[in-house]
Amino acid sequence: MFEPEPAFRPIQRTDGYLPLEDYGLIGDGTTAALVGVDGAVSWLCLPRFDSPPVFCGLLDHARGGAFTVAPDEPFEARQRYRHDTAVLETEMRCASGTVRVTDAMTLRAGSDLSDDAPSARGELVRSISVLDGRVRLRVALEPFGGAQAQARFSGIQLTLPENPELRLHLRSSRPLDGLTSMLDLERGDRLDLALAWARAHRHHSFDAEAALKETELAWQRWMAGFAYNGPQEALVRRSAITLKLCDDWANGSLVAAPTSSLPAPIGGVRNWDYRYTWIRDAAFAVFALRRIGFGSEADAFLGWVLDAFEQSGQPRIMYTLAGTPVPDEVEESRLEGYRRSAPVRWGNGATDQLQHDVYGEVLDCAHQWRRGGGEIQPQLWAGLTRLADTAATAWRTPDQGIWEVRSSGRIFTYSAAMCQVALNRAGLLGEQLGPPESAANWRTAAEQLRTLILEEAWDESARTLTEHLGEGGGLDASLLALPIRQVVPFDHPRMTATAAAVAERLSAGGGLLYRYLHQESPDGIPGDEGAFVLCSFWLVDNLVGQGRVDEAEELYTSLCARSSPLGLLSEQIDPTTGRFCGNFPQAFSHIGVIASGVNIGRARAISATPAR
């Protein structure tokens with residue numbers, strides 16, 4: 001597949017920070033890093049996604065720390081991925097020459113990324129080649145909180161006051177002066193660096209080129225399973241890899257994003273830690289991955305969800321990657337936040353919120369698991385039946401909803417709709433697993449709740465469904481997900497009217513949508529926010545479902561054009577500037593790229609099929 005050569009661009013910072021669009025993501029299924037066009041690794045948590053950060057210059061350019069490899073003079077840069085891989089190349093061109101830095105978290109030789117097993121070597125390789133001229137290169141390893149360095153025959157060993165149990169080891173193919181070095185290199189010269197954290201034994205020599213090649217081949221073998229027939233194939237391929245980079249390969253769980261506290265919008269306080277697994281993200285990710293050929297990842301995720309539910313004894317809205325409770329939310333006073341948007345937070349205070357959609361998410365995952373051939377043991381089924389019985393009445397109790405408001409609870413339409421999903425899926429499962437009378441009762445209750453939602457959430461004067469049942473309320477873009485979750489048909493008159501109302505009244509311009517309007521739907525948090533990317537993809541899906549495929553593809557194309565030069569998307573977009581905001585890259589946004597592309601492709605295929 002042809003991928004155009006990216007153009008060199010000057011390094012531009014605001015308040016000392018690169019725009020989020022100027023970062024690439026690399027990872028190994030246990031953690032991930034952001035690498036900027038400035039040659040700095042400014043975000044890396046070790047040894048896992050949700051561990052304390054070793055480098056977090058992303059959240060404080062002066063004190064957060066980074067691992068920098070860059071010319072010691074002004075330069076312009078460009079980035080690209082090697083085709084169908086998470087191996088990232090950053091080229092930096094200055095007056096004296098051009099260097100290329102190839103970055104990857106290396107994988108074990110022969111790794112099968114479709115297998116539910118770890119492949120990581122616990123190593124970040126940075127391989128530098130001088131393409132032209134002579135360059136003075138600055139190499140600086142500056143962990144957050146500082147480091148104590150000791151020279152070893154095989155490199156430099158680092159001890160971190162912030163995390164004394166973590167052992168870091170830096171190896172180099174050329175002598176270094178310490179944690180900061182200046183090296184004069186000329187065309188044809190090469191410098192290989194490897195920062196390791198998980199290997200008890202480290203060889204005195206290493207082959208960076210071979211490690212990068214094995215990593216590249218592992219990614220390309222995995223991508224050989226990609227199956228897609230729709231628009232924007234290059235971006236859909238990149239979205240598949242990005243979701244895989246958010247995946248914990250050993251556990252089968254998925255982080256909502258590999259970052260914490262990136263603000264939405266800049267200067268606001270809506271800064272949350274997304275390095276955990278939300279059950280609703282699981283359901284949406286499973287839909288997306290299975291439809292493009294990655295059934296093993298979908299099955300692993302479904303199995304993880306059911307295991308986490310079974311272990312906790314009751315459904316939680318989010319878990320750590322290991323399926324345990326998410327830690328309490330705390331503020332990090334030592335970091336100023338991205339572009340001075342404090343506070344920086346670790347942990348997530350929404351973990352104990354009441355959100356009734358979780359019943360539908362768990363039972364929908366169980367239904368998908370069963371449809372895919374998975375077995376549901378009697379003990380698990382007993383727990384799921386209790387969940388369905390709870391959903392039958394829970395929707396009447398106010399909760400915090402899909403958007404995790406921090407105001408008083410309400411009876412959200414989306415929460416009630418997902419309780420309907422719980423009853424519907426329990427009825428379908430009950431037809432196979434029994435007892436028959438319970439299955440019939442769940443199906444009846446599901447149909448009654450569907451009817452009630454269409455009646456109680458409907459505002460006749462506004463000609464739309466609203467965010468609440470029985471009490472009116474504002475518009476909420478989550479209503480667009482009702483037909484996606486098979487609660488209401490796409491072409492139901494009240495659903496088509498609702499989609500039109502959301503598109504008009506929640507528009508942020510240019511095809512972008514707000515989740516809701518804060519003046520109509522207060523959420524207990526000061527300030528406004530950006531446009532939520534996934535909501536626009538939901539609108540694409542609604543247009544497809546209504547048969548308006550040309551309009552859907554036009555909107556889809558405009559949304560895809562908003563991705564970064566590397567094909568990455570954030571949680572939100574600031575409609576006034578078009579800049580990314582919120583955590584980055586966001587799994588939800590890439591799920592939207594995949595799901596909407598599949599829907600358009602299938603609709604085109606159906607319309608092209610000759611009638612008999």
# chains A, B, ... in the order shown; residues from 1 in each chain; ligands from 1
>>> select_by_dssp(residues="range 159-394 of chain A", states="alpha helix (DSSP H)", output="PyMOL selection string")
chain A and resi 208-223+233-245+279-291+295-312+357-371+378-394
>>> residues_around(residues="Glu504 in chain A", least_positions_apart="6", cutoff="10 Å", atoms="only C-alpha atoms", output="list of chain:residue names")
A:Thr498, A:Gly511, A:Leu513
>>> select_by_dssp(residues="range 74-314 of chain A", states="strand (DSSP E or B)", output="count of residues only")
89
>>> residues_around(residues="Arg396 in chain A", least_positions_apart="3", cutoff="9 Å", atoms="only C-alpha atoms", output="compact mmCIF listing (two decimals) with N, CA and C atoms, in the first residue's frame")
# COMPACT_ATOMS: atom_id res chain seq x y z
N ALA A 392 -33.33 -5.35 35.86
CA ALA A 392 -34.76 -5.18 35.64
C ALA A 392 -35.35 -4.06 36.47
N THR A 393 -34.71 -3.73 37.59
CA THR A 393 -35.22 -2.65 38.44
C THR A 393 -34.22 -1.52 38.65
N ILE A 411 -31.84 9.69 36.32
CA ILE A 411 -32.26 8.49 35.60
C ILE A 411 -31.94 8.73 34.12
N ALA A 416 -30.76 3.39 31.28
CA ALA A 416 -31.94 2.54 31.16
C ALA A 416 -31.85 1.67 29.91
>>> closest_residue(among="A:Arg410, A:Arg291, A:His492, A:Arg371", to="Pro398 in chain A", atoms="only C-alpha atoms")
A:Arg410
>>> residues_around(residues="Ser96 in chain A", least_positions_apart="5", cutoff="12 Å", atoms="only C-alpha atoms", output="compact mmCIF listing (two decimals) with N, CA and C atoms, in the first residue's frame")
# COMPACT_ATOMS: atom_id res chain seq x y z
N PRO A 71 19.55 16.60 17.56
CA PRO A 71 20.67 17.49 17.24
C PRO A 71 20.76 18.63 18.24
N ASP A 72 21.98 19.05 18.52
CA ASP A 72 22.19 20.14 19.47
C ASP A 72 22.19 21.48 18.74
N GLU A 73 21.20 21.67 17.90
CA GLU A 73 20.99 22.93 17.17
C GLU A 73 19.57 22.90 16.64
N PRO A 74 19.02 24.03 16.22
CA PRO A 74 17.64 24.04 15.72
C PRO A 74 17.45 23.07 14.55
N PHE A 75 16.28 22.44 14.49
CA PHE A 75 16.02 21.48 13.43
C PHE A 75 14.53 21.42 13.13
N VAL A 130 22.93 8.56 10.92
CA VAL A 130 23.16 9.87 10.28
C VAL A 130 22.98 9.68 8.78
N LEU A 131 22.00 10.35 8.21
CA LEU A 131 21.68 10.20 6.80
C LEU A 131 22.48 11.14 5.92
N ASP A 132 22.87 12.28 6.50
CA ASP A 132 23.55 13.28 5.68
C ASP A 132 24.32 14.24 6.58
N GLY A 133 25.50 14.67 6.14
CA GLY A 133 26.27 15.69 6.83
C GLY A 133 26.91 15.21 8.13
N ARG A 134 27.17 16.17 9.00
CA ARG A 134 27.75 15.92 10.32
C ARG A 134 26.84 16.54 11.37
N VAL A 135 26.56 15.79 12.43
CA VAL A 135 25.61 16.26 13.43
C VAL A 135 26.19 16.06 14.82
N ARG A 136 26.09 17.11 15.64
CA ARG A 136 26.38 16.96 17.07
C ARG A 136 25.07 16.56 17.74
N LEU A 137 25.08 15.38 18.33
CA LEU A 137 23.86 14.78 18.86
C LEU A 137 23.87 14.86 20.39
N ASP A 184 29.60 13.57 18.35
CA ASP A 184 29.76 14.09 17.00
C ASP A 184 29.74 12.92 16.02
N LEU A 185 28.73 12.89 15.15
CA LEU A 185 28.54 11.80 14.20
C LEU A 185 28.48 12.35 12.79
N GLU A 186 28.86 11.52 11.82
CA GLU A 186 28.81 11.96 10.42
C GLU A 186 28.08 10.90 9.60
N ARG A 187 27.83 11.25 8.35
CA ARG A 187 27.05 10.40 7.47
C ARG A 187 27.56 8.95 7.51
>>> closest_atom_pairs(of="range 352-431 of chain A", to="range 264-277 of chain A", cutoff="12 Å", atoms="only C-alpha atoms", output="JSON lines")
{"residue": "A:Glu404", "atom": "CA", "partner": "A:Trp272", "partner_atom": "CA", "distance": 11.3}
{"residue": "A:Val405", "atom": "CA", "partner": "A:Arg270", "partner_atom": "CA", "distance": 11.2}
{"residue": "A:Arg406", "atom": "CA", "partner": "A:Arg270", "partner_atom": "CA", "distance": 11.1}
>>> write_last_selection(atoms="all heavy atoms", output="PDB file, in the first residue's frame")
ATOM      1  N   GLU A 404     -20.079   9.794  33.449  1.00  0.00           N
ATOM      2  CA  GLU A 404     -19.488   9.838  34.789  1.00  0.00           C
ATOM      3  C   GLU A 404     -19.560  11.224  35.412  1.00  0.00           C
ATOM      4  O   GLU A 404     -18.565  11.764  35.894  1.00  0.00           O
ATOM      5  CB  GLU A 404     -18.040   9.321  34.739  1.00  0.00           C
ATOM      6  CG  GLU A 404     -17.961   7.901  34.216  1.00  0.00           C
ATOM      7  CD  GLU A 404     -16.555   7.361  34.055  1.00  0.00           C
ATOM      8  OE1 GLU A 404     -15.600   8.123  34.244  1.00  0.00           O
ATOM      9  OE2 GLU A 404     -16.425   6.178  33.727  1.00  0.00           O
ATOM     10  N   VAL A 405     -20.768  11.805  35.387  1.00  0.00           N
ATOM     11  CA  VAL A 405     -20.939  13.136  35.965  1.00  0.00           C
ATOM     12  C   VAL A 405     -20.604  13.090  37.445  1.00  0.00           C
ATOM     13  O   VAL A 405     -20.770  12.067  38.115  1.00  0.00           O
ATOM     14  CB  VAL A 405     -22.381  13.656  35.749  1.00  0.00           C
ATOM     15  CG1 VAL A 405     -22.704  13.743  34.274  1.00  0.00           C
ATOM     16  CG2 VAL A 405     -23.408  12.787  36.470  1.00  0.00           C
ATOM     17  N   ARG A 406     -20.125  14.207  37.954  1.00  0.00           N
ATOM     18  CA  ARG A 406     -19.786  14.294  39.369  1.00  0.00           C
ATOM     19  C   ARG A 406     -20.771  15.214  40.097  1.00  0.00           C
ATOM     20  O   ARG A 406     -20.433  15.851  41.079  1.00  0.00           O
ATOM     21  CB  ARG A 406     -18.333  14.723  39.527  1.00  0.00           C
ATOM     22  CG  ARG A 406     -17.386  13.703  38.874  1.00  0.00           C
ATOM     23  CD  ARG A 406     -15.979  13.718  39.397  1.00  0.00           C
ATOM     24  NE  ARG A 406     -15.197  12.628  38.812  1.00  0.00           N
ATOM     25  CZ  ARG A 406     -13.961  12.324  39.192  1.00  0.00           C
ATOM     26  NH1 ARG A 406     -13.357  13.004  40.146  1.00  0.00           N
ATOM     27  NH2 ARG A 406     -13.312  11.322  38.617  1.00  0.00           N
TER      28      ARG A 406
END
>>> closest_residue(among="A:Cys56, A:Leu380, A:Ile292, A:Ala440", to="Ala366 in chain A", atoms="only C-alpha atoms")
A:Leu380
>>> residues_around(residues="Gln448 in chain A", least_positions_apart="5", cutoff="9 Å", atoms="only C-alpha atoms", output="JSON, numbers by chain")
{"A": [420, 443, 453]}
>>> write_last_selection(atoms="N, CA, C and O atoms", output="compact mmCIF listing (two decimals), in the first residue's frame")
# COMPACT_ATOMS: atom_id res chain seq x y z
N GLN A 420 -31.90 -2.41 29.38
CA GLN A 420 -32.67 -3.14 28.38
C GLN A 420 -31.78 -4.13 27.63
O GLN A 420 -32.19 -5.27 27.37
N ARG A 443 -37.04 -11.55 28.29
CA ARG A 443 -37.39 -11.01 26.97
C ARG A 443 -38.60 -10.08 27.09
O ARG A 443 -38.63 -9.01 26.47
N ILE A 453 -38.79 3.45 27.25
CA ILE A 453 -37.76 4.42 26.87
C ILE A 453 -38.26 5.32 25.75
O ILE A 453 -38.10 6.55 25.78
>>> closest_atom_pairs(of="range 72-164 of chain A", to="range 214-229 of chain A", cutoff="7 Å", atoms="only C-alpha atoms", output="Markdown table")
| residue | atom | partner | partner_atom | distance |
| --- | --- | --- | --- | --- |
| A:Asp84 | CA | A:Gln220 | CA | 5.7 |
| A:Thr85 | CA | A:Trp219 | CA | 5.0 |
| A:Val87 | CA | A:Glu216 | CA | 6.5 |
| A:Thr106 | CA | A:Thr215 | CA | 5.5 |
| A:Leu107 | CA | A:Thr215 | CA | 5.1 |
| A:Ala109 | CA | A:Glu214 | CA | 5.5 |
| A:Gly110 | CA | A:Ala218 | CA | 6.6 |
| A:Ser111 | CA | A:Ala218 | CA | 5.7 |
| A:Asp112 | CA | A:Ala218 | CA | 6.5 |
| A:Leu113 | CA | A:Trp222 | CA | 5.8 |
| A:Ser114 | CA | A:Trp222 | CA | 6.4 |
>>> closest_residue(among="A:Leu179, A:Ala86, A:Pro325, A:Gly145", to="Gly349 in chain A", atoms="only C-alpha atoms")
A:Pro325
>>> residues_around(residues="Glu551 in chain A", least_positions_apart="3", cutoff="12 Å", atoms="only C-alpha atoms", output="list in words")
Gly511, Leu539, Val540, Asp541, Asn542, Leu543, Val544, Gly545, Gln546, Gly547, Arg548, Glu554, Leu555, Tyr556, Thr557, Ser558 and Ile600 of chain A
>>> atom_distance(atom1="CA of Asp299 in chain A", atom2="CA of Leu243 in chain A")
14.7 Å
